[in-house]
Amino acid sequence: MVESKSELRVVGLLSGTSVDGIDVAVASFRVAGDELTLTPLGHRELPYPEQLRQDVLAALPPAGSSAEQLTKLDTRIGQAFAEAAATAVADLAGGRADLVASLGQTVFHWVEGGTAEGTLQLGQPAWIAERTGLPVVADLRIRDVTAGGHGAPLASTLDVLWLRGAAEEQGRPVAALNIGGIANITVVHPDGTALAYDTGPGNALLDLAATEVTGGQRHSDVDGALAAHGTVRQDLLSRLLADPYYARKPPKSTGKEYFHAAYLRQATEGLAPIDGPDLLATLTELTAATVAAECERHGVGTVVTSGGGLRNPALVAALRTRLTVVPSDENGLPSDGKEAYLSALLGWLTWNGLPATVPSATGARGPRLLGAITPGAGPLTLPHPHPRPVTRLRVVTPEKP
């Protein structure tokens, strides 16, 4: 095996379905044969300007949006992502990076009859290229959709490479769980085969309920405080669990275009009045129960968790009554930064001419190269494609200066 001595520093960017802000991370990659080494150089969450956040939320389903709205959001999100990337290069990468990869801000994920027909991410990459001078890999989901996949969850790409060794050691499946607005799992088997899909709402309904219960003073159930003082309403929980999405076979994907405020209002219609804490306790139980049911279905032992949901002690406690939960930090990837590191990984794979999808996870007809590349300040010069597939990812601690 001849080890590549070249390092590629990639800035990863995205904003999740919770629309909390922009997650950014910088990773250093080196490859030797079929093993890729990722060294995390740092990550941050940069809040959206409040007006931009409100405008993004106002454009999400079930609200309608105009071409004017989407054009303006594409520009403003792109500019915000550009500033986040420039900040990351200066503060996390020591002023030197080679590539930016952006998963953008999803505003619509079009699924009909269980089939993904299209997906739209905003955050015009040309603004990022102009601000940083670096080439940008973006629009990373649609190629998988054109191949019959769902374009999600792309976290499966990282999870399969990263957790295969743990599954081999345990001799049973290991799952990665990410709890953002939507919760998704990747189940990795010891032989490297995998299945991944969205299990249902993560924080999406919880955040909506917290906003309503607090009269807009809070956008989430901070520290799970509301849920901790509530009691699960079994009548509401039973109605929510009867949603046909949970019975649908994977691969499958969903989003806020499905689990939105009108959905929550409809779920509570005709029931006895539900106070705020009881509503939050019930929705917390919904997320935990649906995640656990899917993990148990696949005989999962350990669940490596990440995402904003880990900040909610009530949700974590509900999960731990059912599952062995290990924060991804204990395996080397910070839970708050994992998806930004995923974005960086997807960019590295595309840059090196390697497919960045797991067909068994997304449902695509086969692996596909992802994304479109926007040139930076100089000519676009791609390396020779890496000669063999990458089958393993090793995360290493950065060396101290």
# chains A, B, ... in the order shown; residues from 1 in each chain; ligands from 1
call {"tool": "residues_around", "arguments": {"residues": "A:Val316", "least_positions_apart": "3", "cutoff": "10 Å", "atoms": "only C-alpha atoms", "output": "PyMOL selection string"}}
result
chain A and resi 224+284+288+305+309-313+319-321+323+325
call {"tool": "write_last_selection", "arguments": {"atoms": "N, CA and C atoms", "output": "mmCIF file, in the first residue's frame"}}
result
data_model
loop_
_atom_site.group_PDB
_atom_site.id
_atom_site.type_symbol
_atom_site.label_atom_id
_atom_site.label_comp_id
_atom_site.auth_asym_id
_atom_site.auth_seq_id
_atom_site.Cartn_x
_atom_site.Cartn_y
_atom_site.Cartn_z
ATOM 1 N N GLY A 224 -35.043 20.552 28.079
ATOM 2 C CA GLY A 224 -36.153 19.623 28.290
ATOM 3 C C GLY A 224 -37.020 19.986 29.471
ATOM 4 N N THR A 284 -41.873 14.367 23.068
ATOM 5 C CA THR A 284 -40.573 13.783 23.412
ATOM 6 C C THR A 284 -40.659 12.267 23.366
ATOM 7 N N ALA A 288 -38.584 9.496 20.914
ATOM 8 C CA ALA A 288 -37.834 8.392 21.520
ATOM 9 C C ALA A 288 -38.409 7.041 21.112
ATOM 10 N N THR A 305 -24.801 8.598 18.902
ATOM 11 C CA THR A 305 -25.756 9.678 18.697
ATOM 12 C C THR A 305 -25.081 11.025 18.474
ATOM 13 N N GLY A 309 -30.593 17.284 19.228
ATOM 14 C CA GLY A 309 -31.442 16.600 20.192
ATOM 15 C C GLY A 309 -30.707 16.177 21.454
ATOM 16 N N LEU A 310 -29.373 16.041 21.360
ATOM 17 C CA LEU A 310 -28.602 15.641 22.542
ATOM 18 C C LEU A 310 -28.559 16.740 23.595
ATOM 19 N N ARG A 311 -28.948 17.960 23.216
ATOM 20 C CA ARG A 311 -28.985 19.053 24.196
ATOM 21 C C ARG A 311 -30.235 19.000 25.059
ATOM 22 N N ASN A 312 -31.134 18.081 24.739
ATOM 23 C CA ASN A 312 -32.400 17.970 25.452
ATOM 24 C C ASN A 312 -32.326 16.788 26.415
ATOM 25 N N PRO A 313 -32.081 17.035 27.710
ATOM 26 C CA PRO A 313 -31.925 15.932 28.662
ATOM 27 C C PRO A 313 -33.159 15.042 28.750
ATOM 28 N N LEU A 319 -34.605 8.158 25.549
ATOM 29 C CA LEU A 319 -33.892 7.216 24.683
ATOM 30 C C LEU A 319 -33.135 6.179 25.514
ATOM 31 N N ARG A 320 -32.524 6.620 26.611
ATOM 32 C CA ARG A 320 -31.679 5.715 27.403
ATOM 33 C C ARG A 320 -32.486 4.690 28.176
ATOM 34 N N THR A 321 -33.779 4.900 28.334
ATOM 35 C CA THR A 321 -34.592 3.853 28.943
ATOM 36 C C THR A 321 -34.774 2.688 27.986
ATOM 37 N N LEU A 323 -32.400 2.244 24.922
ATOM 38 C CA LEU A 323 -31.244 1.967 24.082
ATOM 39 C C LEU A 323 -29.941 2.254 24.821
ATOM 40 N N VAL A 325 -27.023 4.353 24.533
ATOM 41 C CA VAL A 325 -26.732 5.585 23.796
ATOM 42 C C VAL A 325 -25.313 6.048 24.102
#
call {"tool": "select_by_dssp", "arguments": {"residues": "stretch 177-253 of chain A", "states": "strand (DSSP E)", "output": "PyMOL selection string"}}
result
chain A and resi 177-179+182-188+194-201
call {"tool": "closest_residue", "arguments": {"among": "A:Thr362, A:Thr397, A:Thr37, A:Thr119", "to": "A:Asp329", "atoms": "only C-alpha atoms"}}
result
A:Thr397
call {"tool": "closest_residue", "arguments": {"among": "A:Asp20, A:Glu68, A:Asp191, A:Asp278", "to": "A:Leu161", "atoms": "only C-alpha atoms"}}
result
A:Asp191
call {"tool": "residues_around", "arguments": {"residues": "A:Ala281", "least_positions_apart": "2", "cutoff": "10 Å", "atoms": "only C-alpha atoms", "output": "list of chain:residue names"}}
result
A:Leu206, A:Gly224, A:Ala225, A:Leu226, A:Ala227, A:Ala228, A:His229, A:Gly230, A:Thr231, A:Val232, A:Arg233, A:Leu237, A:Gly276, A:Pro277, A:Asp278, A:Leu279, A:Leu283, A:Thr284, A:Glu285, A:Leu286, A:Ala314, A:Leu315, A:Ala318
call {"tool": "write_last_selection", "arguments": {"atoms": "N, CA and C atoms", "output": "JSON list (two decimals), in the first residue's frame"}}
result
[["chain", "number", "residue", "atom", "x", "y", "z"],
["A", 206, "LEU", "N", -41.30, 19.17, 18.43],
["A", 206, "LEU", "CA", -40.96, 19.72, 19.74],
["A", 206, "LEU", "C", -40.72, 21.22, 19.67],
["A", 224, "GLY", "N", -35.04, 20.55, 28.08],
["A", 224, "GLY", "CA", -36.15, 19.62, 28.29],
["A", 224, "GLY", "C", -37.02, 19.99, 29.47],
["A", 225, "ALA", "N", -36.99, 21.27, 29.89],
["A", 225, "ALA", "CA", -37.65, 21.68, 31.13],
["A", 225, "ALA", "C", -39.16, 21.51, 31.06],
["A", 226, "LEU", "N", -39.77, 21.86, 29.93],
["A", 226, "LEU", "CA", -41.22, 21.73, 29.82],
["A", 226, "LEU", "C", -41.63, 20.26, 29.86],
["A", 227, "ALA", "N", -40.96, 19.43, 29.07],
["A", 227, "ALA", "CA", -41.31, 18.01, 29.02],
["A", 227, "ALA", "C", -41.12, 17.35, 30.39],
["A", 228, "ALA", "N", -40.10, 17.79, 31.12],
["A", 228, "ALA", "CA", -39.81, 17.18, 32.43],
["A", 228, "ALA", "C", -40.94, 17.39, 33.42],
["A", 229, "HIS", "N", -41.75, 18.43, 33.22],
["A", 229, "HIS", "CA", -42.85, 18.72, 34.15],
["A", 229, "HIS", "C", -44.19, 18.22, 33.61],
["A", 230, "GLY", "N", -44.15, 17.50, 32.50],
["A", 230, "GLY", "CA", -45.39, 17.03, 31.91],
["A", 230, "GLY", "C", -45.57, 15.54, 32.03],
["A", 231, "THR", "N", -46.75, 15.08, 31.64],
["A", 231, "THR", "CA", -47.10, 13.66, 31.63],
["A", 231, "THR", "C", -47.52, 13.28, 30.22],
["A", 232, "VAL", "N", -47.07, 12.14, 29.75],
["A", 232, "VAL", "CA", -47.40, 11.69, 28.40],
["A", 232, "VAL", "C", -48.90, 11.46, 28.28],
["A", 233, "ARG", "N", -49.48, 12.08, 27.27],
["A", 233, "ARG", "CA", -50.90, 11.86, 26.97],
["A", 233, "ARG", "C", -51.02, 10.69, 26.00],
["A", 237, "LEU", "N", -50.48, 10.35, 21.92],
["A", 237, "LEU", "CA", -49.36, 9.53, 21.46],
["A", 237, "LEU", "C", -49.85, 8.42, 20.53],
["A", 276, "GLY", "N", -49.30, 22.67, 28.08],
["A", 276, "GLY", "CA", -47.99, 22.76, 27.44],
["A", 276, "GLY", "C", -47.02, 21.66, 27.84],
["A", 277, "PRO", "N", -46.77, 21.46, 29.14],
["A", 277, "PRO", "CA", -45.83, 20.41, 29.54],
["A", 277, "PRO", "C", -46.24, 19.02, 29.07],
["A", 278, "ASP", "N", -47.54, 18.72, 29.12],
["A", 278, "ASP", "CA", -48.00, 17.40, 28.66],
["A", 278, "ASP", "C", -47.77, 17.24, 27.15],
["A", 279, "LEU", "N", -47.98, 18.31, 26.39],
["A", 279, "LEU", "CA", -47.74, 18.26, 24.96],
["A", 279, "LEU", "C", -46.27, 17.98, 24.67],
["A", 283, "LEU", "N", -44.61, 14.62, 22.85],
["A", 283, "LEU", "CA", -43.81, 14.71, 21.63],
["A", 283, "LEU", "C", -42.39, 14.18, 21.86],
["A", 284, "THR", "N", -41.87, 14.37, 23.07],
["A", 284, "THR", "CA", -40.57, 13.78, 23.41],
["A", 284, "THR", "C", -40.66, 12.27, 23.37],
["A", 285, "GLU", "N", -41.72, 11.73, 23.91],
["A", 285, "GLU", "CA", -41.94, 10.28, 23.89],
["A", 285, "GLU", "C", -42.09, 9.78, 22.46],
["A", 286, "LEU", "N", -42.75, 10.54, 21.61],
["A", 286, "LEU", "CA", -42.92, 10.15, 20.21],
["A", 286, "LEU", "C", -41.57, 9.97, 19.52],
["A", 314, "ALA", "N", -34.35, 15.60, 28.57],
["A", 314, "ALA", "CA", -35.56, 14.79, 28.65],
["A", 314, "ALA", "C", -35.61, 13.79, 27.51],
["A", 315, "LEU", "N", -35.20, 14.21, 26.33],
["A", 315, "LEU", "CA", -35.18, 13.32, 25.18],
["A", 315, "LEU", "C", -34.11, 12.25, 25.34],
["A", 318, "ALA", "N", -35.27, 9.67, 27.78],
["A", 318, "ALA", "CA", -36.28, 8.79, 27.19],
["A", 318, "ALA", "C", -35.63, 7.76, 26.27]]
call {"tool": "decode", "arguments": {"residues": "stretch 8-42 of chain A", "atoms": "N, CA and C atoms", "output": "short mmCIF file (atom, residue, chain, number, x, y, z; two decimals), in the first residue's frame"}}
result
data_model
loop_
_atom_site.label_atom_id
_atom_site.label_comp_id
_atom_site.auth_asym_id
_atom_site.auth_seq_id
_atom_site.Cartn_x
_atom_site.Cartn_y
_atom_site.Cartn_z
N LEU A 8 -5.70 17.30 2.27
CA LEU A 8 -6.72 18.20 1.73
C LEU A 8 -7.53 18.72 2.89
N ARG A 9 -7.56 20.03 3.02
CA ARG A 9 -8.36 20.65 4.08
C ARG A 9 -9.68 21.12 3.49
N VAL A 10 -10.75 20.63 4.08
CA VAL A 10 -12.08 20.91 3.54
C VAL A 10 -12.94 21.57 4.61
N VAL A 11 -13.59 22.65 4.23
CA VAL A 11 -14.57 23.33 5.08
C VAL A 11 -15.94 22.76 4.76
N GLY A 12 -16.65 22.25 5.77
CA GLY A 12 -17.99 21.72 5.58
C GLY A 12 -19.03 22.65 6.17
N LEU A 13 -20.12 22.86 5.43
CA LEU A 13 -21.17 23.79 5.84
C LEU A 13 -22.55 23.17 5.66
N LEU A 14 -23.46 23.50 6.54
CA LEU A 14 -24.87 23.18 6.33
C LEU A 14 -25.70 23.92 7.36
N SER A 15 -27.00 24.00 7.09
CA SER A 15 -27.97 24.40 8.09
C SER A 15 -29.05 23.35 8.10
N GLY A 16 -29.37 22.83 9.26
CA GLY A 16 -30.29 21.71 9.36
C GLY A 16 -31.75 22.13 9.30
N THR A 17 -32.62 21.15 9.40
CA THR A 17 -34.05 21.41 9.28
C THR A 17 -34.61 22.18 10.47
N SER A 18 -33.83 22.27 11.56
CA SER A 18 -34.28 23.09 12.68
C SER A 18 -34.05 24.58 12.43
N VAL A 19 -33.25 24.91 11.42
CA VAL A 19 -32.94 26.29 11.04
C VAL A 19 -32.40 27.07 12.23
N ASP A 20 -31.55 26.43 13.02
CA ASP A 20 -30.95 27.10 14.17
C ASP A 20 -29.83 28.05 13.75
N GLY A 21 -29.14 27.72 12.69
CA GLY A 21 -28.00 28.52 12.26
C GLY A 21 -27.17 27.72 11.29
N ILE A 22 -25.91 28.12 11.13
CA ILE A 22 -25.01 27.48 10.17
C ILE A 22 -23.97 26.68 10.94
N ASP A 23 -23.93 25.39 10.68
CA ASP A 23 -22.89 24.54 11.25
C ASP A 23 -21.71 24.52 10.30
N VAL A 24 -20.53 24.75 10.83
CA VAL A 24 -19.32 24.79 10.00
C VAL A 24 -18.22 24.02 10.71
N ALA A 25 -17.45 23.27 9.94
CA ALA A 25 -16.33 22.50 10.47
C ALA A 25 -15.22 22.46 9.44
N VAL A 26 -14.00 22.26 9.92
CA VAL A 26 -12.86 22.09 9.03
C VAL A 26 -12.22 20.74 9.34
N ALA A 27 -12.03 19.95 8.28
CA ALA A 27 -11.42 18.62 8.43
C ALA A 27 -10.18 18.53 7.56
N SER A 28 -9.18 17.86 8.08
CA SER A 28 -8.00 17.52 7.29
C SER A 28 -8.11 16.05 6.90
N PHE A 29 -7.97 15.78 5.60
CA PHE A 29 -8.09 14.41 5.09
C PHE A 29 -6.78 13.93 4.49
N ARG A 30 -6.45 12.67 4.80
CA ARG A 30 -5.37 11.96 4.12
C ARG A 30 -5.88 10.56 3.80
N VAL A 31 -5.42 10.01 2.69
CA VAL A 31 -5.90 8.70 2.28
C VAL A 31 -4.72 7.77 2.04
N ALA A 32 -4.88 6.54 2.47
CA ALA A 32 -3.89 5.49 2.23
C ALA A 32 -4.65 4.25 1.79
N GLY A 33 -4.55 3.92 0.52
CA GLY A 33 -5.28 2.76 0.01
C GLY A 33 -6.77 2.96 0.12
N ASP A 34 -7.43 2.07 0.89
CA ASP A 34 -8.88 2.18 1.03
C ASP A 34 -9.28 2.80 2.36
N GLU A 35 -8.31 3.32 3.13
CA GLU A 35 -8.62 3.94 4.41
C GLU A 35 -8.40 5.45 4.33
N LEU A 36 -9.43 6.18 4.74
CA LEU A 36 -9.37 7.63 4.78
C LEU A 36 -9.26 8.07 6.23
N THR A 37 -8.35 8.98 6.49
CA THR A 37 -8.17 9.52 7.84
C THR A 37 -8.73 10.94 7.89
N LEU A 38 -9.58 11.18 8.87
CA LEU A 38 -10.17 12.50 9.09
C LEU A 38 -9.65 13.05 10.41
N THR A 39 -9.04 14.21 10.34
CA THR A 39 -8.60 14.91 11.55
C THR A 39 -9.49 16.13 11.73
N PRO A 40 -10.32 16.16 12.78
CA PRO A 40 -11.17 17.34 13.01
C PRO A 40 -10.33 18.52 13.48
N LEU A 41 -10.41 19.64 12.76
CA LEU A 41 -9.65 20.83 13.12
C LEU A 41 -10.48 21.84 13.90
N GLY A 42 -11.77 21.62 13.97
CA GLY A 42 -12.63 22.51 14.75
C GLY A 42 -13.97 22.71 14.09
#
